[in-house]
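Student: What follows is the file data05.cif, containing mmCIF, N, CA, C and O atoms:
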```cif
data_start
loop_
_atom_site.label_atom_id
_atom_site.label_comp_id
_atom_site.auth_asym_id
_atom_site.auth_seq_id
_atom_site.Cartn_x
_atom_site.Cartn_y
_atom_site.Cartn_z
N MET A 1 53.69 27.62 -44.33
CA MET A 1 54.80 28.11 -43.52
C MET A 1 55.63 29.07 -44.37
O MET A 1 55.92 28.82 -45.51
N ALA A 2 56.01 30.16 -43.75
CA ALA A 2 56.85 31.13 -44.45
C ALA A 2 58.29 30.68 -44.40
O ALA A 2 58.75 30.08 -43.44
N SER A 3 59.01 30.95 -45.46
CA SER A 3 60.43 30.60 -45.50
C SER A 3 61.25 31.86 -45.24
O SER A 3 60.75 32.97 -45.28
N VAL A 4 62.53 31.66 -44.98
CA VAL A 4 63.44 32.78 -44.74
C VAL A 4 63.56 33.58 -46.02
O VAL A 4 63.79 33.03 -47.09
N GLN A 5 63.39 34.88 -45.94
CA GLN A 5 63.53 35.75 -47.09
C GLN A 5 64.91 36.38 -47.05
O GLN A 5 65.37 36.83 -46.01
N LEU A 6 65.55 36.44 -48.18
CA LEU A 6 66.89 37.00 -48.25
C LEU A 6 66.85 38.30 -49.04
O LEU A 6 66.19 38.39 -50.06
N ASP A 7 67.58 39.31 -48.56
CA ASP A 7 67.65 40.58 -49.26
C ASP A 7 68.60 40.50 -50.45
O ASP A 7 68.40 41.16 -51.45
N ALA A 8 69.64 39.70 -50.33
CA ALA A 8 70.64 39.56 -51.39
C ALA A 8 70.53 38.16 -51.98
O ALA A 8 70.00 37.26 -51.35
N PRO A 9 71.03 37.99 -53.20
CA PRO A 9 71.02 36.64 -53.77
C PRO A 9 71.77 35.68 -52.86
O PRO A 9 72.81 36.00 -52.31
N ALA A 10 71.21 34.49 -52.72
CA ALA A 10 71.81 33.49 -51.83
C ALA A 10 72.84 32.67 -52.58
O ALA A 10 72.68 32.37 -53.75
N SER A 11 73.90 32.30 -51.85
CA SER A 11 74.86 31.36 -52.43
C SER A 11 74.14 30.03 -52.60
O SER A 11 73.10 29.78 -51.97
N SER A 12 74.71 29.17 -53.42
CA SER A 12 74.07 27.87 -53.60
C SER A 12 74.04 27.07 -52.30
O SER A 12 73.09 26.35 -52.03
N LEU A 13 75.07 27.24 -51.47
CA LEU A 13 75.12 26.54 -50.19
C LEU A 13 74.01 27.05 -49.26
O LEU A 13 73.30 26.26 -48.64
N ARG A 14 73.85 28.36 -49.18
CA ARG A 14 72.80 28.94 -48.34
C ARG A 14 71.42 28.54 -48.85
O ARG A 14 70.54 28.19 -48.07
N GLN A 15 71.24 28.60 -50.16
CA GLN A 15 69.94 28.24 -50.73
C GLN A 15 69.60 26.78 -50.42
O GLN A 15 68.48 26.47 -50.05
N ARG A 16 70.59 25.91 -50.52
CA ARG A 16 70.33 24.49 -50.21
C ARG A 16 69.98 24.33 -48.73
O ARG A 16 69.09 23.55 -48.38
N MET A 17 70.69 25.04 -47.87
CA MET A 17 70.40 24.97 -46.44
C MET A 17 68.96 25.40 -46.17
O MET A 17 68.23 24.73 -45.42
N ILE A 18 68.53 26.48 -46.80
CA ILE A 18 67.17 26.98 -46.60
C ILE A 18 66.15 25.98 -47.14
O ILE A 18 65.13 25.70 -46.49
N GLU A 19 66.42 25.42 -48.31
CA GLU A 19 65.51 24.41 -48.88
C GLU A 19 65.41 23.20 -47.95
O GLU A 19 64.31 22.67 -47.74
N ASP A 20 66.54 22.75 -47.41
CA ASP A 20 66.52 21.61 -46.49
C ASP A 20 65.72 21.92 -45.23
O ASP A 20 64.97 21.08 -44.73
N MET A 21 65.87 23.14 -44.71
CA MET A 21 65.12 23.51 -43.51
C MET A 21 63.63 23.59 -43.81
O MET A 21 62.80 23.20 -42.98
N ASN A 22 63.26 24.11 -44.99
CA ASN A 22 61.85 24.16 -45.38
C ASN A 22 61.28 22.75 -45.50
O ASN A 22 60.16 22.49 -45.06
N MET A 23 62.05 21.85 -46.08
CA MET A 23 61.61 20.46 -46.24
C MET A 23 61.34 19.83 -44.87
O MET A 23 60.42 19.03 -44.72
N ARG A 24 62.15 20.20 -43.89
CA ARG A 24 61.99 19.65 -42.53
C ARG A 24 60.99 20.44 -41.69
O ARG A 24 60.82 20.18 -40.51
N ARG A 25 60.41 21.46 -42.31
CA ARG A 25 59.38 22.30 -41.68
C ARG A 25 59.89 23.03 -40.43
O ARG A 25 59.17 23.15 -39.43
N PHE A 26 61.13 23.51 -40.50
CA PHE A 26 61.64 24.33 -39.41
C PHE A 26 60.87 25.64 -39.39
O PHE A 26 60.49 26.16 -40.43
N THR A 27 60.66 26.18 -38.20
CA THR A 27 59.97 27.46 -38.08
C THR A 27 60.85 28.57 -38.66
O THR A 27 62.06 28.44 -38.81
N ARG A 28 60.22 29.69 -38.96
CA ARG A 28 60.94 30.85 -39.50
C ARG A 28 62.03 31.30 -38.53
O ARG A 28 63.14 31.63 -38.94
N LYS A 29 61.75 31.30 -37.24
CA LYS A 29 62.74 31.71 -36.23
C LYS A 29 63.94 30.76 -36.23
O LYS A 29 65.09 31.21 -36.18
N THR A 30 63.69 29.46 -36.30
CA THR A 30 64.79 28.50 -36.33
C THR A 30 65.63 28.69 -37.58
O THR A 30 66.86 28.69 -37.52
N GLN A 31 64.98 28.90 -38.72
CA GLN A 31 65.72 29.13 -39.96
C GLN A 31 66.58 30.38 -39.85
O GLN A 31 67.75 30.37 -40.24
N PHE A 32 66.01 31.44 -39.32
CA PHE A 32 66.76 32.69 -39.15
C PHE A 32 67.98 32.45 -38.26
O PHE A 32 69.09 32.88 -38.58
N ASP A 33 67.77 31.77 -37.13
CA ASP A 33 68.86 31.51 -36.19
C ASP A 33 69.95 30.65 -36.83
O ASP A 33 71.14 30.93 -36.69
N TYR A 34 69.56 29.59 -37.53
CA TYR A 34 70.54 28.69 -38.15
C TYR A 34 71.37 29.42 -39.21
O TYR A 34 72.59 29.26 -39.26
N VAL A 35 70.72 30.21 -40.05
CA VAL A 35 71.45 30.96 -41.07
C VAL A 35 72.42 31.93 -40.39
O VAL A 35 73.58 32.08 -40.81
N ARG A 36 71.98 32.56 -39.32
CA ARG A 36 72.84 33.49 -38.58
C ARG A 36 74.04 32.77 -37.96
O ARG A 36 75.18 33.25 -38.03
N HIS A 37 73.82 31.60 -37.38
CA HIS A 37 74.92 30.83 -36.77
C HIS A 37 75.94 30.42 -37.83
O HIS A 37 77.15 30.54 -37.61
N VAL A 38 75.46 29.95 -38.96
CA VAL A 38 76.38 29.52 -40.02
C VAL A 38 77.12 30.73 -40.60
O VAL A 38 78.32 30.65 -40.88
N ALA A 39 76.44 31.86 -40.74
CA ALA A 39 77.11 33.07 -41.22
C ALA A 39 78.19 33.53 -40.24
O ALA A 39 79.29 33.94 -40.66
N ARG A 40 77.91 33.44 -38.95
CA ARG A 40 78.92 33.80 -37.94
C ARG A 40 80.13 32.87 -38.03
O ARG A 40 81.27 33.31 -37.93
N PHE A 41 79.89 31.59 -38.25
CA PHE A 41 80.98 30.64 -38.39
C PHE A 41 81.79 30.93 -39.65
O PHE A 41 83.03 30.88 -39.63
N ALA A 42 81.11 31.28 -40.74
CA ALA A 42 81.82 31.61 -41.99
C ALA A 42 82.69 32.85 -41.79
O ALA A 42 83.82 32.91 -42.30
N THR A 43 82.20 33.81 -41.04
CA THR A 43 83.00 35.01 -40.74
C THR A 43 84.21 34.63 -39.91
O THR A 43 85.33 35.10 -40.17
N TYR A 44 84.02 33.77 -38.93
CA TYR A 44 85.12 33.28 -38.10
C TYR A 44 86.18 32.60 -38.97
O TYR A 44 87.38 32.83 -38.81
N LEU A 45 85.73 31.76 -39.91
CA LEU A 45 86.65 31.03 -40.77
C LEU A 45 87.34 31.92 -41.81
O LEU A 45 88.48 31.70 -42.17
N GLY A 46 86.57 32.88 -42.31
CA GLY A 46 87.07 33.71 -43.39
C GLY A 46 86.92 33.04 -44.76
O GLY A 46 87.57 33.43 -45.73
N ARG A 47 86.08 32.01 -44.81
CA ARG A 47 85.83 31.29 -46.06
C ARG A 47 84.52 30.52 -45.91
O ARG A 47 83.94 30.50 -44.82
N PRO A 48 84.05 29.87 -46.98
CA PRO A 48 82.77 29.14 -46.89
C PRO A 48 82.80 28.07 -45.80
O PRO A 48 83.82 27.38 -45.63
N PRO A 49 81.71 27.92 -45.07
CA PRO A 49 81.69 26.97 -43.95
C PRO A 49 81.80 25.51 -44.37
O PRO A 49 82.23 24.68 -43.57
N ASP A 50 81.48 25.19 -45.61
CA ASP A 50 81.58 23.79 -46.03
C ASP A 50 83.02 23.35 -46.28
O ASP A 50 83.26 22.18 -46.57
N THR A 51 83.98 24.27 -46.09
CA THR A 51 85.39 23.92 -46.24
C THR A 51 86.07 23.71 -44.89
O THR A 51 87.27 23.45 -44.83
N ALA A 52 85.31 23.82 -43.81
CA ALA A 52 85.87 23.72 -42.46
C ALA A 52 86.30 22.29 -42.12
O ALA A 52 85.68 21.32 -42.56
N THR A 53 87.34 22.23 -41.31
CA THR A 53 87.78 20.93 -40.79
C THR A 53 87.08 20.67 -39.46
O THR A 53 86.51 21.57 -38.85
N VAL A 54 87.16 19.43 -39.02
CA VAL A 54 86.57 19.06 -37.73
C VAL A 54 87.22 19.88 -36.61
O VAL A 54 86.54 20.35 -35.69
N GLU A 55 88.51 20.07 -36.68
CA GLU A 55 89.22 20.83 -35.66
C GLU A 55 88.78 22.30 -35.65
O GLU A 55 88.66 22.91 -34.59
N GLU A 56 88.53 22.88 -36.83
CA GLU A 56 88.05 24.28 -36.88
C GLU A 56 86.66 24.39 -36.27
O GLU A 56 86.36 25.37 -35.57
N LEU A 57 85.81 23.40 -36.51
CA LEU A 57 84.48 23.40 -35.88
C LEU A 57 84.62 23.34 -34.36
O LEU A 57 83.95 24.09 -33.63
N ARG A 58 85.47 22.47 -33.89
CA ARG A 58 85.69 22.33 -32.45
C ARG A 58 86.22 23.62 -31.86
O ARG A 58 85.76 24.08 -30.81
N GLN A 59 87.22 24.21 -32.50
CA GLN A 59 87.82 25.44 -31.98
C GLN A 59 86.79 26.57 -31.93
O GLN A 59 86.76 27.35 -30.98
N PHE A 60 85.93 26.66 -32.93
CA PHE A 60 84.87 27.67 -32.94
C PHE A 60 83.95 27.47 -31.74
O PHE A 60 83.61 28.42 -31.04
N GLN A 61 83.58 26.22 -31.48
CA GLN A 61 82.71 25.93 -30.35
C GLN A 61 83.40 26.28 -29.03
O GLN A 61 82.76 26.85 -28.13
N VAL A 62 84.68 25.97 -28.90
CA VAL A 62 85.43 26.30 -27.69
C VAL A 62 85.44 27.82 -27.49
O VAL A 62 85.18 28.32 -26.39
N GLU A 63 85.72 28.56 -28.55
CA GLU A 63 85.77 30.02 -28.43
C GLU A 63 84.41 30.62 -28.10
O GLU A 63 84.33 31.58 -27.33
N GLN A 64 83.35 30.05 -28.67
CA GLN A 64 82.01 30.54 -28.35
C GLN A 64 81.69 30.30 -26.87
O GLN A 64 81.15 31.17 -26.20
N ARG A 65 82.05 29.14 -26.37
CA ARG A 65 81.82 28.81 -24.96
C ARG A 65 82.61 29.74 -24.06
O ARG A 65 82.10 30.24 -23.06
N GLU A 66 83.88 29.97 -24.42
CA GLU A 66 84.72 30.87 -23.61
C GLU A 66 84.20 32.30 -23.63
O GLU A 66 84.43 33.05 -22.69
N ALA A 67 83.47 32.65 -24.68
CA ALA A 67 82.88 33.99 -24.78
C ALA A 67 81.61 34.11 -23.95
O ALA A 67 81.01 35.18 -23.86
N GLY A 68 81.19 32.99 -23.33
CA GLY A 68 80.04 33.03 -22.44
C GLY A 68 78.71 32.69 -23.10
O GLY A 68 77.66 32.95 -22.51
N ILE A 69 78.75 32.11 -24.28
CA ILE A 69 77.52 31.71 -24.95
C ILE A 69 76.83 30.65 -24.09
O ILE A 69 77.47 29.70 -23.63
N GLY A 70 75.53 30.80 -23.90
CA GLY A 70 74.78 29.86 -23.06
C GLY A 70 74.58 28.51 -23.72
O GLY A 70 74.72 28.35 -24.93
N ILE A 71 74.22 27.54 -22.90
CA ILE A 71 74.04 26.16 -23.38
C ILE A 71 72.96 26.06 -24.46
O ILE A 71 73.20 25.42 -25.49
N PRO A 72 71.78 26.68 -24.31
CA PRO A 72 70.79 26.57 -25.38
C PRO A 72 71.29 27.13 -26.72
O PRO A 72 71.05 26.54 -27.77
N THR A 73 72.00 28.24 -26.67
CA THR A 73 72.54 28.83 -27.89
C THR A 73 73.62 27.94 -28.48
O THR A 73 73.69 27.74 -29.70
N MET A 74 74.47 27.37 -27.62
CA MET A 74 75.50 26.45 -28.10
C MET A 74 74.85 25.24 -28.79
O MET A 74 75.32 24.81 -29.84
N ASN A 75 73.80 24.72 -28.23
CA ASN A 75 73.10 23.59 -28.85
C ASN A 75 72.55 23.99 -30.22
O ASN A 75 72.61 23.21 -31.17
N SER A 76 72.02 25.20 -30.32
CA SER A 76 71.50 25.69 -31.59
C SER A 76 72.63 25.85 -32.61
O SER A 76 72.47 25.49 -33.78
N ILE A 77 73.78 26.36 -32.18
CA ILE A 77 74.92 26.53 -33.06
C ILE A 77 75.38 25.17 -33.58
O ILE A 77 75.61 25.00 -34.79
N VAL A 78 75.52 24.21 -32.69
CA VAL A 78 75.97 22.88 -33.09
C VAL A 78 74.99 22.25 -34.08
O VAL A 78 75.40 21.67 -35.09
N SER A 79 73.70 22.39 -33.83
CA SER A 79 72.70 21.86 -34.74
C SER A 79 72.77 22.53 -36.10
O SER A 79 72.67 21.88 -37.13
N ALA A 80 72.94 23.84 -36.10
CA ALA A 80 73.01 24.59 -37.37
C ALA A 80 74.22 24.17 -38.19
O ALA A 80 74.14 24.07 -39.41
N LEU A 81 75.32 23.90 -37.52
CA LEU A 81 76.55 23.56 -38.23
C LEU A 81 76.57 22.11 -38.72
O LEU A 81 77.44 21.75 -39.50
N ARG A 82 75.63 21.31 -38.27
CA ARG A 82 75.56 19.94 -38.77
C ARG A 82 75.12 20.00 -40.18
O ARG A 82 75.26 19.33 -41.05
#
```
Once more with this new file: its structure as structure tokens, please.

Tutor:
Amino acid sequence: MASVQLDAPASSLRQRMIEDMNMRRFTRKTQFDYVRHVARFATYLGRPPDTATVEELRQFQVEQREAGIGIPTMNSIVSALR
């Protein structure tokens, strides 16, 4: 199975996430989507995602839903952020 390739050096958090997904044999597409979801959340926060509070996670999900994100994508976002 191919793993997600990064153009830039990965943070230790991102590298661990990718290693964990490889260990669980996630497909390349799932890995790409999860990294993208977490990166979008980090942009929303303005800081590393592992510093988020439960309320910030909830608020992000509320805003994504209000923006019209579909249920399958919301499920993927929630899974990625776990």

Student: Please write the residues picked by the PyMOL selection byres (((chain A and resi 44 and name CA) around 12) and name CA) on this file as number ranges by chain.

Tutor: A: 37-43, 45-49, 52, 56-57, 59-61, 63-64

Student: Using only N, CA, C and O atoms, find the one residue out of A:Arg65, A:Ile71, A:Arg14, A:Arg58 that sits nearest to Val35 of chain A.

Tutor: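 With only N, CA, C and O atoms as the atom set, the closest residue is A:Arg14.
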
Student: Please, what distance in Å, to one decimal, runs between atom C of Ile69 of chain A and atom C of Lys29 of chain A?

Tutor: 17.7 Å

Student: So what do you get for atom N of Ser11 of chain A versus atom CA of Thr51 of chain A, distance-wise?

Tutor: 15.3 Å

Student: For each of A:Asp50, A:Asp33, A:Glu19, A:Arg28, take the minimum atom-to-atom distance to Arg82 of chain A, counting only C-alpha atoms, then give the residue where this is smallest.

Tutor: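 Closest to Arg82 of chain A, using only C-alpha atoms: A:Asp50.
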